[in-house]
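File shown: entry-v4.cif (mmCIF, C-alpha atoms and all ligand atoms).
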data_input
#
loop_
_atom_site.group_PDB
_atom_site.id
_atom_site.type_symbol
_atom_site.label_atom_id
_atom_site.label_comp_id
_atom_site.auth_asym_id
_atom_site.auth_seq_id
_atom_site.Cartn_x
_atom_site.Cartn_y
_atom_site.Cartn_z
ATOM 1 C CA MET A 1 -19.619 9.196 -5.098
ATOM 2 C CA THR A 2 -17.719 6.110 -6.228
ATOM 3 C CA TYR A 3 -16.996 4.557 -9.629
ATOM 4 C CA ALA A 4 -19.850 3.891 -12.031
ATOM 5 C CA SER A 5 -18.216 0.944 -13.796
ATOM 6 C CA ILE A 6 -15.091 -1.174 -14.083
ATOM 7 C CA ASP A 7 -13.972 0.951 -17.027
ATOM 8 C CA GLU A 8 -14.340 4.034 -14.904
ATOM 9 C CA VAL A 9 -12.088 2.501 -12.236
ATOM 10 C CA GLN A 10 -9.421 2.028 -14.896
ATOM 11 C CA THR A 11 -9.708 5.544 -16.319
ATOM 12 C CA ALA A 12 -9.928 7.230 -12.915
ATOM 13 C CA LEU A 13 -6.822 5.432 -11.702
ATOM 14 C CA ALA A 14 -5.005 6.065 -14.993
ATOM 15 C CA SER A 15 -5.581 9.778 -14.543
ATOM 16 C CA GLU A 16 -3.621 9.395 -11.290
ATOM 17 C CA ASP A 17 -0.877 7.572 -13.240
ATOM 18 C CA TYR A 18 -1.866 4.165 -11.940
ATOM 19 C CA ILE A 19 -2.180 1.427 -14.555
ATOM 20 C CA CYS A 20 -4.732 -1.100 -13.422
ATOM 21 C CA GLY A 21 -5.504 -4.386 -15.195
ATOM 22 C CA ARG A 22 -9.089 -5.512 -15.754
ATOM 23 C CA ALA A 23 -9.060 -8.150 -12.981
ATOM 24 C CA LEU A 24 -7.802 -5.732 -10.332
ATOM 25 C CA ALA A 25 -10.199 -3.015 -11.513
ATOM 26 C CA THR A 26 -13.058 -5.509 -11.170
ATOM 27 C CA VAL A 27 -12.117 -6.308 -7.579
ATOM 28 C CA VAL A 28 -11.908 -2.591 -6.763
ATOM 29 C CA TYR A 29 -15.270 -1.905 -8.387
ATOM 30 C CA LEU A 30 -16.980 -4.778 -6.568
ATOM 31 C CA GLY A 31 -15.348 -3.985 -3.237
ATOM 32 C CA LEU A 32 -16.722 -0.456 -3.352
ATOM 33 C CA GLU A 33 -20.082 -1.502 -4.768
ATOM 34 C CA LEU A 34 -20.672 -4.232 -2.165
ATOM 35 C CA GLY A 35 -18.916 -2.478 0.702
ATOM 36 C CA ARG A 36 -16.457 -5.344 1.138
ATOM 37 C CA PRO A 37 -12.825 -4.963 2.209
ATOM 38 C CA ILE A 38 -10.304 -5.576 -0.581
ATOM 39 C CA PHE A 39 -7.416 -7.885 0.236
ATOM 40 C CA LEU A 40 -4.363 -7.442 -1.995
ATOM 41 C CA GLU A 41 -1.534 -9.916 -1.748
ATOM 42 C CA GLY A 42 1.654 -10.021 -3.778
ATOM 43 C CA GLU A 43 5.382 -9.470 -3.925
ATOM 44 C CA ALA A 44 6.840 -6.186 -2.711
ATOM 45 C CA GLY A 45 6.791 -3.298 -5.155
ATOM 46 C CA THR A 46 3.825 -4.431 -7.236
ATOM 47 C CA GLY A 47 1.593 -1.437 -6.490
ATOM 48 C CA LYS A 48 -0.548 -2.642 -3.568
ATOM 49 C CA THR A 49 0.005 0.317 -1.269
ATOM 50 C CA GLU A 50 -0.063 2.765 -4.142
ATOM 51 C CA ILE A 51 -3.512 1.730 -5.346
ATOM 52 C CA ALA A 52 -5.050 2.677 -1.984
ATOM 53 C CA LYS A 53 -3.465 6.132 -2.214
ATOM 54 C CA VAL A 54 -4.632 6.540 -5.778
ATOM 55 C CA ILE A 55 -8.210 5.446 -5.026
ATOM 56 C CA ALA A 56 -8.376 8.005 -2.201
ATOM 57 C CA ALA A 57 -6.982 10.736 -4.450
ATOM 58 C CA SER A 58 -9.300 9.951 -7.356
ATOM 59 C CA LEU A 59 -12.410 9.906 -5.127
ATOM 60 C CA GLY A 60 -11.350 12.946 -3.114
ATOM 61 C CA ARG A 61 -11.402 10.903 0.102
ATOM 62 C CA ARG A 62 -9.065 11.036 2.994
ATOM 63 C CA LEU A 63 -6.496 8.214 3.202
ATOM 64 C CA ILE A 64 -6.024 6.763 6.666
ATOM 65 C CA ARG A 65 -3.149 4.346 6.913
ATOM 66 C CA LEU A 66 -2.537 1.726 9.525
ATOM 67 C CA GLN A 67 1.009 0.495 9.006
ATOM 68 C CA CYS A 68 1.277 -2.951 10.584
ATOM 69 C CA TYR A 69 4.348 -4.113 12.445
ATOM 70 C CA GLU A 70 5.325 -6.932 14.762
ATOM 71 C CA GLY A 71 3.759 -6.381 18.164
ATOM 72 C CA LEU A 72 1.075 -3.965 16.966
ATOM 73 C CA ASP A 73 -1.804 -4.296 19.409
ATOM 74 C CA ALA A 74 -5.455 -3.331 19.277
ATOM 75 C CA ALA A 75 -4.961 -0.404 21.652
ATOM 76 C CA SER A 76 -2.463 1.431 19.491
ATOM 77 C CA ALA A 77 -4.502 0.746 16.358
ATOM 78 C CA VAL A 78 -7.727 2.218 17.760
ATOM 79 C CA TYR A 79 -7.140 4.901 20.379
ATOM 80 C CA GLU A 80 -5.043 5.910 23.354
ATOM 81 C CA TRP A 81 -5.668 8.171 26.293
ATOM 82 C CA ASN A 82 -3.279 11.054 26.704
ATOM 83 C CA PHE A 83 -2.158 10.059 30.195
ATOM 84 C CA ALA A 84 0.215 12.953 30.729
ATOM 85 C CA ALA A 85 -2.487 15.509 29.978
ATOM 86 C CA GLN A 86 -4.980 13.614 32.140
ATOM 87 C CA MET A 87 -2.529 13.726 35.058
ATOM 88 C CA MET A 88 -2.139 17.468 34.616
ATOM 89 C CA ALA A 89 -5.886 17.909 34.635
ATOM 90 C CA ILE A 90 -6.164 15.882 37.849
ATOM 91 C CA ARG A 91 -3.476 18.027 39.515
ATOM 92 C CA MET A 92 -5.245 21.197 38.515
ATOM 93 C CA ALA A 93 -8.595 19.846 39.662
ATOM 94 C CA GLU A 94 -7.089 18.999 43.062
ATOM 95 C CA GLN A 95 -5.986 22.588 43.475
ATOM 96 C CA GLY A 96 -9.193 24.095 42.144
ATOM 97 C CA GLY A 97 -11.562 21.845 44.086
ATOM 98 C CA VAL A 98 -13.457 20.607 41.017
ATOM 99 C CA ASP A 99 -16.401 18.239 41.483
ATOM 100 C CA GLN A 100 -15.389 14.541 41.186
ATOM 101 C CA ALA A 101 -18.103 13.548 38.724
ATOM 102 C CA GLU A 102 -17.318 16.567 36.601
ATOM 103 C CA LEU A 103 -13.633 15.626 36.616
ATOM 104 C CA GLN A 104 -14.432 12.046 35.541
ATOM 105 C CA ARG A 105 -16.416 13.277 32.564
ATOM 106 C CA HIS A 106 -13.734 15.742 31.641
ATOM 107 C CA LEU A 107 -10.936 13.158 31.801
ATOM 108 C CA TYR A 108 -12.647 10.929 29.230
ATOM 109 C CA SER A 109 -13.657 13.715 26.875
ATOM 110 C CA ASP A 110 -12.325 14.225 23.341
ATOM 111 C CA GLU A 111 -9.701 16.544 24.764
ATOM 112 C CA PHE A 112 -7.728 13.555 26.064
ATOM 113 C CA LEU A 113 -8.668 10.971 23.456
ATOM 114 C CA VAL A 114 -5.965 10.293 20.881
ATOM 115 C CA ALA A 115 -7.636 8.660 17.891
ATOM 116 C CA ARG A 116 -5.521 6.079 16.075
ATOM 117 C CA PRO A 117 -6.248 4.937 12.477
ATOM 118 C CA LEU A 118 -9.133 2.538 13.142
ATOM 119 C CA LEU A 119 -11.075 5.000 15.259
ATOM 120 C CA GLU A 120 -10.368 7.825 12.830
ATOM 121 C CA ALA A 121 -11.688 5.702 9.985
ATOM 122 C CA MET A 122 -14.998 5.224 11.824
ATOM 123 C CA GLN A 123 -15.504 8.956 12.233
ATOM 124 C CA PRO A 124 -17.134 11.174 9.606
ATOM 125 C CA GLN A 125 -14.610 12.817 7.283
ATOM 126 C CA PRO A 126 -14.929 15.711 4.878
ATOM 127 C CA GLY A 127 -15.469 14.395 1.342
ATOM 128 C CA GLY A 128 -17.120 11.172 2.510
ATOM 129 C CA ALA A 129 -16.052 7.895 4.091
ATOM 130 C CA PRO A 130 -12.264 7.629 4.076
ATOM 131 C CA VAL A 131 -10.063 4.978 2.501
ATOM 132 C CA LEU A 132 -8.621 2.846 5.299
ATOM 133 C CA LEU A 133 -5.359 1.227 4.240
ATOM 134 C CA ILE A 134 -4.266 -1.612 6.521
ATOM 135 C CA ASP A 135 -0.800 -2.058 5.122
ATOM 136 C CA GLU A 136 1.442 -5.131 5.351
ATOM 137 C CA LEU A 137 -0.885 -7.158 7.514
ATOM 138 C CA ASP A 138 1.499 -10.117 7.318
ATOM 139 C CA ARG A 139 3.783 -8.304 9.742
ATOM 140 C CA THR A 140 1.332 -8.596 12.636
ATOM 141 C CA ASP A 141 0.195 -11.698 14.492
ATOM 142 C CA ALA A 142 -2.927 -13.863 14.823
ATOM 143 C CA PRO A 143 -4.476 -12.048 17.826
ATOM 144 C CA PHE A 144 -4.386 -8.770 15.934
ATOM 145 C CA GLU A 145 -5.998 -10.419 12.918
ATOM 146 C CA ALA A 146 -8.793 -11.734 15.121
ATOM 147 C CA PHE A 147 -9.339 -8.268 16.485
ATOM 148 C CA LEU A 148 -9.413 -6.791 12.971
ATOM 149 C CA LEU A 149 -11.884 -9.397 11.824
ATOM 150 C CA GLU A 150 -14.299 -8.147 14.453
ATOM 151 C CA ALA A 151 -13.698 -4.465 13.805
ATOM 152 C CA LEU A 152 -14.204 -4.969 10.065
ATOM 153 C CA SER A 153 -17.314 -7.096 10.386
ATOM 154 C CA ASP A 154 -19.466 -4.386 11.963
ATOM 155 C CA PHE A 155 -17.328 -1.284 11.413
ATOM 156 C CA GLN A 156 -17.464 -0.307 15.019
ATOM 157 C CA VAL A 157 -15.035 0.031 17.891
ATOM 158 C CA THR A 158 -15.672 0.083 21.609
ATOM 159 C CA ILE A 159 -14.030 2.406 24.100
ATOM 160 C CA PRO A 160 -14.977 1.178 27.586
ATOM 161 C CA GLU A 161 -15.133 4.680 29.060
ATOM 162 C CA ARG A 162 -17.168 6.010 26.178
ATOM 163 C CA GLY A 163 -19.184 3.196 24.687
ATOM 164 C CA THR A 164 -19.356 1.952 21.127
ATOM 165 C CA ILE A 165 -18.590 4.133 18.154
ATOM 166 C CA LYS A 166 -20.069 2.990 14.865
ATOM 167 C CA ALA A 167 -19.165 4.340 11.453
ATOM 168 C CA GLU A 168 -22.092 6.191 9.882
ATOM 169 C CA SER A 169 -20.757 5.352 6.460
ATOM 170 C CA PRO A 170 -18.230 2.509 6.496
ATOM 171 C CA PRO A 171 -14.736 3.262 5.197
ATOM 172 C CA ILE A 172 -13.361 1.788 1.978
ATOM 173 C CA VAL A 173 -10.982 -0.824 3.387
ATOM 174 C CA ILE A 174 -7.881 -2.055 1.582
ATOM 175 C CA LEU A 175 -5.637 -4.634 3.234
ATOM 176 C CA THR A 176 -2.258 -5.581 1.827
ATOM 177 C CA SER A 177 0.134 -8.428 2.492
ATOM 178 C CA ASN A 178 3.582 -9.139 1.099
ATOM 179 C CA ARG A 179 2.934 -12.769 2.043
ATOM 180 C CA THR A 180 5.848 -13.268 4.390
ATOM 181 C CA ARG A 181 3.327 -15.560 6.097
ATOM 182 C CA GLU A 182 -0.208 -16.724 5.345
ATOM 183 C CA VAL A 183 -2.988 -14.513 6.642
ATOM 184 C CA HIS A 184 -5.791 -16.447 8.322
ATOM 185 C CA ASP A 185 -8.674 -17.757 6.185
ATOM 186 C CA ALA A 186 -11.354 -16.168 8.350
ATOM 187 C CA LEU A 187 -10.091 -12.690 7.589
ATOM 188 C CA LYS A 188 -9.579 -13.425 3.903
ATOM 189 C CA ARG A 189 -13.122 -14.754 3.655
ATOM 190 C CA ARG A 190 -14.518 -11.392 4.705
ATOM 191 C CA CYS A 191 -12.687 -9.735 1.834
ATOM 192 C CA LEU A 192 -12.522 -9.755 -1.928
ATOM 193 C CA TYR A 193 -9.116 -11.206 -2.732
ATOM 194 C CA HIS A 194 -6.696 -10.376 -5.521
ATOM 195 C CA TRP A 195 -3.156 -11.578 -6.127
ATOM 196 C CA VAL A 196 -1.169 -8.632 -7.499
ATOM 197 C CA ASP A 197 1.359 -10.149 -9.863
ATOM 198 C CA TYR A 198 4.299 -8.551 -11.632
ATOM 199 C CA PRO A 199 2.958 -6.821 -14.743
ATOM 200 C CA ASP A 200 3.681 -8.248 -18.181
ATOM 201 C CA PHE A 201 5.859 -6.354 -20.669
ATOM 202 C CA ASP A 202 3.127 -4.163 -22.137
ATOM 203 C CA ARG A 203 1.637 -3.125 -18.836
ATOM 204 C CA GLU A 204 5.014 -2.434 -17.254
ATOM 205 C CA LEU A 205 5.956 -0.274 -20.222
ATOM 206 C CA GLU A 206 2.709 1.621 -19.764
ATOM 207 C CA ILE A 207 3.474 2.097 -16.052
ATOM 208 C CA LEU A 208 6.962 3.328 -16.840
ATOM 209 C CA LYS A 209 5.592 5.822 -19.364
ATOM 210 C CA ALA A 210 3.192 7.116 -16.727
ATOM 211 C CA ARG A 211 5.750 7.311 -13.937
ATOM 212 C CA ALA A 212 8.936 8.238 -15.816
ATOM 213 C CA PRO A 213 7.659 10.036 -18.925
ATOM 214 C CA GLU A 214 11.056 11.691 -19.449
ATOM 215 C CA ALA A 215 12.546 8.358 -20.579
ATOM 216 C CA ALA A 216 12.733 7.854 -24.350
ATOM 217 C CA GLU A 217 10.766 5.002 -25.897
ATOM 218 C CA THR A 218 13.809 2.892 -26.870
ATOM 219 C CA LEU A 219 15.389 3.133 -23.436
ATOM 220 C CA SER A 220 12.066 2.404 -21.689
ATOM 221 C CA ARG A 221 11.557 -0.691 -23.799
ATOM 222 C CA GLU A 222 15.072 -1.947 -23.060
ATOM 223 C CA ILE A 223 14.642 -1.335 -19.346
ATOM 224 C CA VAL A 224 11.357 -3.209 -19.173
ATOM 225 C CA ALA A 225 12.552 -6.095 -21.349
ATOM 226 C CA PHE A 226 15.643 -6.437 -19.167
ATOM 227 C CA VAL A 227 13.709 -6.376 -15.898
ATOM 228 C CA GLN A 228 11.218 -8.909 -17.277
ATOM 229 C CA ARG A 229 14.132 -11.240 -18.112
ATOM 230 C CA LEU A 230 15.755 -10.572 -14.755
ATOM 231 C CA ARG A 231 12.598 -11.733 -12.952
ATOM 232 C CA GLY A 232 12.980 -15.078 -14.700
ATOM 233 C CA GLU A 233 16.350 -15.616 -13.011
ATOM 234 C CA ASP A 234 16.800 -17.457 -9.756
ATOM 235 C CA LEU A 235 17.119 -14.460 -7.455
ATOM 236 C CA PHE A 236 16.724 -14.056 -3.727
ATOM 237 C CA LYS A 237 14.605 -10.932 -4.269
ATOM 238 C CA LYS A 238 13.155 -10.106 -7.661
ATOM 239 C CA PRO A 239 12.818 -6.463 -8.648
ATOM 240 C CA GLY A 240 9.338 -4.944 -8.335
ATOM 241 C CA VAL A 241 7.772 -2.221 -10.445
ATOM 242 C CA ALA A 242 9.107 0.349 -8.005
ATOM 243 C CA GLU A 243 12.642 -0.808 -8.862
ATOM 244 C CA THR A 244 11.986 -0.553 -12.594
ATOM 245 C CA ILE A 245 10.937 3.073 -12.152
ATOM 246 C CA ASP A 246 13.865 3.860 -9.869
ATOM 247 C CA TRP A 247 16.285 2.300 -12.291
ATOM 248 C CA ALA A 248 14.914 4.320 -15.206
ATOM 249 C CA LYS A 249 15.389 7.502 -13.176
ATOM 250 C CA CYS A 250 18.971 6.542 -12.332
ATOM 251 C CA LEU A 251 19.770 5.836 -15.974
ATOM 252 C CA LEU A 252 18.221 9.156 -16.999
ATOM 253 C CA ALA A 253 20.313 10.978 -14.417
ATOM 254 C CA LEU A 254 23.377 9.389 -16.020
ATOM 255 C CA ASP A 255 22.230 10.414 -19.521
ATOM 256 C CA VAL A 256 22.131 6.801 -20.649
ATOM 257 C CA VAL A 257 20.547 6.401 -24.091
ATOM 258 C CA ASN A 258 20.890 2.637 -24.523
ATOM 259 C CA LEU A 259 21.636 -0.122 -22.046
ATOM 260 C CA SER A 260 25.066 -1.709 -22.089
ATOM 261 C CA PRO A 261 26.470 -4.465 -19.850
ATOM 262 C CA GLU A 262 28.692 -1.866 -18.178
ATOM 263 C CA THR A 263 25.921 0.600 -17.302
ATOM 264 C CA ILE A 264 23.797 -2.288 -16.068
ATOM 265 C CA VAL A 265 26.502 -3.538 -13.722
ATOM 266 C CA ASP A 266 27.197 -0.002 -12.490
ATOM 267 C CA THR A 267 23.550 0.681 -11.642
ATOM 268 C CA LEU A 268 22.440 -2.723 -10.343
ATOM 269 C CA GLY A 269 21.935 -1.253 -6.878
ATOM 270 C CA ALA A 270 18.750 0.390 -8.125
ATOM 271 C CA ILE A 271 17.111 -2.946 -9.033
ATOM 272 C CA LEU A 272 18.734 -5.567 -6.822
ATOM 273 C CA LYS A 273 19.028 -5.119 -3.087
ATOM 274 C CA TYR A 274 20.958 -8.227 -2.074
ATOM 275 C CA GLN A 275 24.661 -8.650 -2.582
ATOM 276 C CA ASP A 276 24.247 -12.304 -3.651
ATOM 277 C CA ASP A 277 21.855 -11.262 -6.424
ATOM 278 C CA ILE A 278 24.173 -8.455 -7.540
ATOM 279 C CA GLN A 279 27.076 -10.928 -7.564
ATOM 280 C CA GLU A 280 25.096 -13.203 -9.909
ATOM 281 C CA LEU A 281 24.917 -10.480 -12.503
ATOM 282 C CA GLN A 282 28.608 -9.680 -12.643
ATOM 283 C CA GLY A 283 30.809 -10.696 -15.562
ATOM 284 C CA SER A 284 29.090 -12.141 -18.602
ATOM 285 C CA GLU A 285 25.658 -12.574 -16.981
ATOM 286 C CA ALA A 286 24.559 -8.963 -17.536
ATOM 287 C CA LYS A 287 25.502 -9.272 -21.204
ATOM 288 C CA ARG A 288 23.655 -12.571 -21.612
ATOM 289 C CA LEU A 289 20.462 -11.136 -20.089
ATOM 290 C CA LEU A 290 20.737 -7.980 -22.150
ATOM 291 C CA ASP A 291 21.130 -10.043 -25.324
ATOM 292 C CA GLU A 292 18.070 -12.068 -24.371
ATOM 293 C CA ALA A 293 16.093 -8.903 -23.632
ATOM 294 C CA ARG A 294 17.098 -7.423 -26.994
ATOM 295 C CA SER A 295 16.005 -10.561 -28.822
ATOM 296 C CA ASP A 296 12.662 -10.392 -26.976
ATOM 297 C CA LEU A 297 12.278 -6.847 -28.265
ATOM 298 C CA ALA A 298 13.191 -7.819 -31.817
ATOM 299 C CA SER A 299 10.667 -10.637 -31.989
HETATM 300 N N1 LIG A 301 0.181 -0.431 -11.634
HETATM 301 C C1 LIG A 301 0.975 0.599 -11.347
HETATM 302 N N2 LIG A 301 0.807 1.803 -11.934
HETATM 303 C C2 LIG A 301 1.613 2.832 -11.638
HETATM 304 N N3 LIG A 301 2.642 2.774 -10.769
HETATM 305 C C3 LIG A 301 2.864 1.604 -10.147
HETATM 306 C C4 LIG A 301 2.043 0.473 -10.392
HETATM 307 N N4 LIG A 301 2.499 -0.546 -9.634
HETATM 308 C C5 LIG A 301 3.533 -0.080 -8.935
HETATM 309 N N5 LIG A 301 3.775 1.228 -9.234
HETATM 310 C C6 LIG A 301 4.873 2.039 -8.725
HETATM 311 O O1 LIG A 301 5.628 1.262 -7.838
HETATM 312 C C7 LIG A 301 5.768 1.935 -6.580
HETATM 313 C C8 LIG A 301 5.758 0.942 -5.455
HETATM 314 O O2 LIG A 301 4.517 0.381 -5.316
HETATM 315 P P1 LIG A 301 3.921 0.015 -3.893
HETATM 316 O O3 LIG A 301 2.469 0.249 -3.961
HETATM 317 O O4 LIG A 301 4.667 0.687 -2.820
HETATM 318 O O5 LIG A 301 4.233 -1.551 -3.827
HETATM 319 P P2 LIG A 301 3.748 -2.612 -2.760
HETATM 320 O O6 LIG A 301 2.888 -1.929 -1.763
HETATM 321 O O7 LIG A 301 3.052 -3.656 -3.564
HETATM 322 O O8 LIG A 301 5.020 -3.143 -2.165
HETATM 323 C C9 LIG A 301 4.644 2.924 -6.523
HETATM 324 O O9 LIG A 301 4.997 4.059 -5.785
HETATM 325 C C10 LIG A 301 4.431 3.278 -7.977
HETATM 326 O O10 LIG A 301 5.308 4.315 -8.341
HETATM 327 MG MG MG A 302 3.328 -1.741 0.249
#
Written as C-alpha cells, how would this file's structure read?
Amino acid sequence: MTYASIDEVQTALASEDYICGRALATVVYLGLELGRPIFLEGEAGTGKTEIAKVIAASLGRRLIRLQCYEGLDAASAVYEWNFAAQMMAIRMAEQGGVDQAELQRHLYSDEFLVARPLLEAMQPQPGGAPVLLIDELDRTDAPFEAFLLEALSDFQVTIPERGTIKAESPPIVILTSNRTREVHDALKRRCLYHWVDYPDFDRELEILKARAPEAAETLSREIVAFVQRLRGEDLFKKPGVAETIDWAKCLLALDVVNLSPETIVDTLGAILKYQDDIQELQGSEAKRLLDEARSDLAS
C-alpha cells in the first residue's frame, strides 16, 4: 500500500511530525506512483534524510540506508563474502574429507554471504518493498554513480558466484545530495528531482511546533524569525532546520522566555558551527538582527 493522493502524502507525513510542502509531496507521490527514484538536493539540515525515514515509518516499510562516503565502492555497497568464515569451512572440510563440489556450493551459500544495503533492498522484506535511502551521494565519485545508474535502472544486482538477483517488487528509492559537487546528469535523469529549500517563516514555525512542542508560541516565533533573518546574512554555513530545532531545545533547557542579545550570543553554538560566523554575530550584530526579526514579527 502506498499513498492515494498528494494530500495523503502530506497528512501521512504530518502524522510522523514531518511538514511537507505541496511541491515535495507531489514529487513523493509521483515517485511512488511511477516507481521512479526520488532525487533530493539541498543544503544540509533541510529534511532530506528525515523524509526517507518518515516515508518508511508511515508506510510500515523497512528503511535500508546506504550512507555514501569517499571511496565507497560497488562491492561494499552490494555484498561481501565472509572470508574468515569461508577459510574456517575450508580447514574443516580438509580434515573431514568433504567432496570438492559440495564444498564449492557450501562456500558460496547464504551462510557466507554478507548482504550490504543494495542487495538487501532487492530482497523481499516483511511489510513490502523497503525504502532504500542512498544518502549524501555527492560524497562518492563518478564510477560509483555509473554503477548505481545501472543498479537502479533494472533493480538487479549480479553476484558472479551466484548469478543475478532481481527485486520482485522494486524498492522505493530516495537519493540525497548536499551538493558539495554536481551529481551527473545521467543519474539525475533517471530520477524525479526536487530542490529542498529552507522553509519560509510559516512552514518553519509549523516544523518547530511539531518537533519542539514544549516551546511557547512567542518564543517559537522569535526563534524562527531570528533564524530566517540570520539566513539572509553572509555566512559561511547557514543554519538548517535541524539547527532551529536544536536551538529551541537549548533555550528551553535554559528557561528562556524571550530572546535577548545576550542569550543569543551565549547559545550561538547551537545554530552556527563556524567560528568566523559566530564572530560575526558578536557585539551589536545580534541586537541588530533581533530588532529586525522583531519588526518582521510586528508587521
Ligand atoms: N520538513 C520538516 N519537518 C519536520 N522536521 C524537519 C523538517 N525538515 C527538517 N526537519 C528536522 O531537521 C532534522 C535534520 O534534517 P535532515 O533530514 O537530517 O537534513 P538533511 O538530510 O537535509 O541534511 C530532522 O531530524 C528533523 O528533525
Ligand atoms: Mg542528510
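Against the coordinates shown, the PyMOL selection byres (((not hetatm)) within 7 of (chain A and resi 302)) returns Ala44, Gly45, Gly47, Lys48, Thr49, Asp135, Glu136 and Thr176 of chain A.
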Counting all atoms listed in the file, give me one row per residue of chain A with an atom at most 10 Å from an atom of ligand LIG 301 (chain A), showing the shortest contact pair and its distance in Å to one decimal, sorted by chain then residue number, as JSON lines.
{"residue": "A:Leu13", "atom": "CA", "partner": "A:LIG301", "partner_atom": "N2", "distance": 8.5}
{"residue": "A:Ala14", "atom": "CA", "partner": "A:LIG301", "partner_atom": "N2", "distance": 7.8}
{"residue": "A:Glu16", "atom": "CA", "partner": "A:LIG301", "partner_atom": "C2", "distance": 8.4}
{"residue": "A:Asp17", "atom": "CA", "partner": "A:LIG301", "partner_atom": "C2", "distance": 5.6}
{"residue": "A:Tyr18", "atom": "CA", "partner": "A:LIG301", "partner_atom": "N2", "distance": 3.6}
{"residue": "A:Ile19", "atom": "CA", "partner": "A:LIG301", "partner_atom": "N2", "distance": 4.0}
{"residue": "A:Cys20", "atom": "CA", "partner": "A:LIG301", "partner_atom": "N1", "distance": 5.3}
{"residue": "A:Gly21", "atom": "CA", "partner": "A:LIG301", "partner_atom": "N1", "distance": 7.8}
{"residue": "A:Leu24", "atom": "CA", "partner": "A:LIG301", "partner_atom": "N1", "distance": 9.7}
{"residue": "A:Leu40", "atom": "CA", "partner": "A:LIG301", "partner_atom": "O7", "distance": 8.5}
{"residue": "A:Glu41", "atom": "CA", "partner": "A:LIG301", "partner_atom": "O7", "distance": 8.0}
{"residue": "A:Gly42", "atom": "CA", "partner": "A:LIG301", "partner_atom": "O7", "distance": 6.5}
{"residue": "A:Glu43", "atom": "CA", "partner": "A:LIG301", "partner_atom": "O7", "distance": 6.3}
{"residue": "A:Ala44", "atom": "CA", "partner": "A:LIG301", "partner_atom": "O8", "distance": 3.6}
{"residue": "A:Gly45", "atom": "CA", "partner": "A:LIG301", "partner_atom": "O5", "distance": 3.4}
{"residue": "A:Thr46", "atom": "CA", "partner": "A:LIG301", "partner_atom": "O7", "distance": 3.8}
{"residue": "A:Gly47", "atom": "CA", "partner": "A:LIG301", "partner_atom": "O3", "distance": 3.2}
{"residue": "A:Lys48", "atom": "CA", "partner": "A:LIG301", "partner_atom": "O7", "distance": 3.7}
{"residue": "A:Thr49", "atom": "CA", "partner": "A:LIG301", "partner_atom": "O3", "distance": 3.7}
{"residue": "A:Glu50", "atom": "CA", "partner": "A:LIG301", "partner_atom": "O3", "distance": 3.6}
{"residue": "A:Ile51", "atom": "CA", "partner": "A:LIG301", "partner_atom": "O3", "distance": 6.3}
{"residue": "A:Ala52", "atom": "CA", "partner": "A:LIG301", "partner_atom": "O3", "distance": 8.1}
{"residue": "A:Lys53", "atom": "CA", "partner": "A:LIG301", "partner_atom": "O3", "distance": 8.5}
{"residue": "A:Val54", "atom": "CA", "partner": "A:LIG301", "partner_atom": "C2", "distance": 9.3}
{"residue": "A:Asp135", "atom": "CA", "partner": "A:LIG301", "partner_atom": "O6", "distance": 7.8}
{"residue": "A:Glu136", "atom": "CA", "partner": "A:LIG301", "partner_atom": "O6", "distance": 7.9}
{"residue": "A:Thr176", "atom": "CA", "partner": "A:LIG301", "partner_atom": "O6", "distance": 7.3}
{"residue": "A:Ser177", "atom": "CA", "partner": "A:LIG301", "partner_atom": "O6", "distance": 8.2}
{"residue": "A:Asn178", "atom": "CA", "partner": "A:LIG301", "partner_atom": "O8", "distance": 7.0}
{"residue": "A:Val196", "atom": "CA", "partner": "A:LIG301", "partner_atom": "O7", "distance": 7.6}
{"residue": "A:Asp197", "atom": "CA", "partner": "A:LIG301", "partner_atom": "O7", "distance": 9.2}
{"residue": "A:Tyr198", "atom": "CA", "partner": "A:LIG301", "partner_atom": "N4", "distance": 8.4}
{"residue": "A:Pro199", "atom": "CA", "partner": "A:LIG301", "partner_atom": "N1", "distance": 7.6}
{"residue": "A:Arg203", "atom": "CA", "partner": "A:LIG301", "partner_atom": "N1", "distance": 7.8}
{"residue": "A:Glu204", "atom": "CA", "partner": "A:LIG301", "partner_atom": "N1", "distance": 7.7}
{"residue": "A:Leu205", "atom": "CA", "partner": "A:LIG301", "partner_atom": "N2", "distance": 10.0}
{"residue": "A:Glu206", "atom": "CA", "partner": "A:LIG301", "partner_atom": "N2", "distance": 8.1}
{"residue": "A:Ile207", "atom": "CA", "partner": "A:LIG301", "partner_atom": "C2", "distance": 4.8}
{"residue": "A:Leu208", "atom": "CA", "partner": "A:LIG301", "partner_atom": "N3", "distance": 7.5}
{"residue": "A:Lys209", "atom": "CA", "partner": "A:LIG301", "partner_atom": "C2", "distance": 9.2}
{"residue": "A:Ala210", "atom": "CA", "partner": "A:LIG301", "partner_atom": "C2", "distance": 6.8}
{"residue": "A:Arg211", "atom": "CA", "partner": "A:LIG301", "partner_atom": "N3", "distance": 6.3}
{"residue": "A:Ala212", "atom": "CA", "partner": "A:LIG301", "partner_atom": "O10", "distance": 9.2}
{"residue": "A:Gly240", "atom": "CA", "partner": "A:LIG301", "partner_atom": "O1", "distance": 7.2}
{"residue": "A:Val241", "atom": "CA", "partner": "A:LIG301", "partner_atom": "O1", "distance": 4.9}
{"residue": "A:Ala242", "atom": "CA", "partner": "A:LIG301", "partner_atom": "O1", "distance": 3.6}
{"residue": "A:Glu243", "atom": "CA", "partner": "A:LIG301", "partner_atom": "O1", "distance": 7.4}
{"residue": "A:Thr244", "atom": "CA", "partner": "A:LIG301", "partner_atom": "O1", "distance": 8.1}
{"residue": "A:Ile245", "atom": "CA", "partner": "A:LIG301", "partner_atom": "O10", "distance": 6.9}
{"residue": "A:Asp246", "atom": "CA", "partner": "A:LIG301", "partner_atom": "O10", "distance": 8.7}
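By all atoms listed in the file, and with residues fewer than 2 positions from A:Ala298 along its chain excluded, the set lying at most 12 Å from it is Thr218, Arg221, Glu222, Ala225, Asp291, Glu292, Ala293, Arg294, Ser295 and Asp296 of chain A.
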Give, as lines of an AutoDock Vina configuration file, the centre coordinates and the x, y and z edge lengths in Å to one decimal for an axis-aligned box around all listed atoms of stretch 110-114 of chain A, padded by 8 Å on each side.
center_x = -9.1
center_y = 13.4
center_z = 23.5
size_x = 22.4
size_y = 22.3
size_z = 21.2
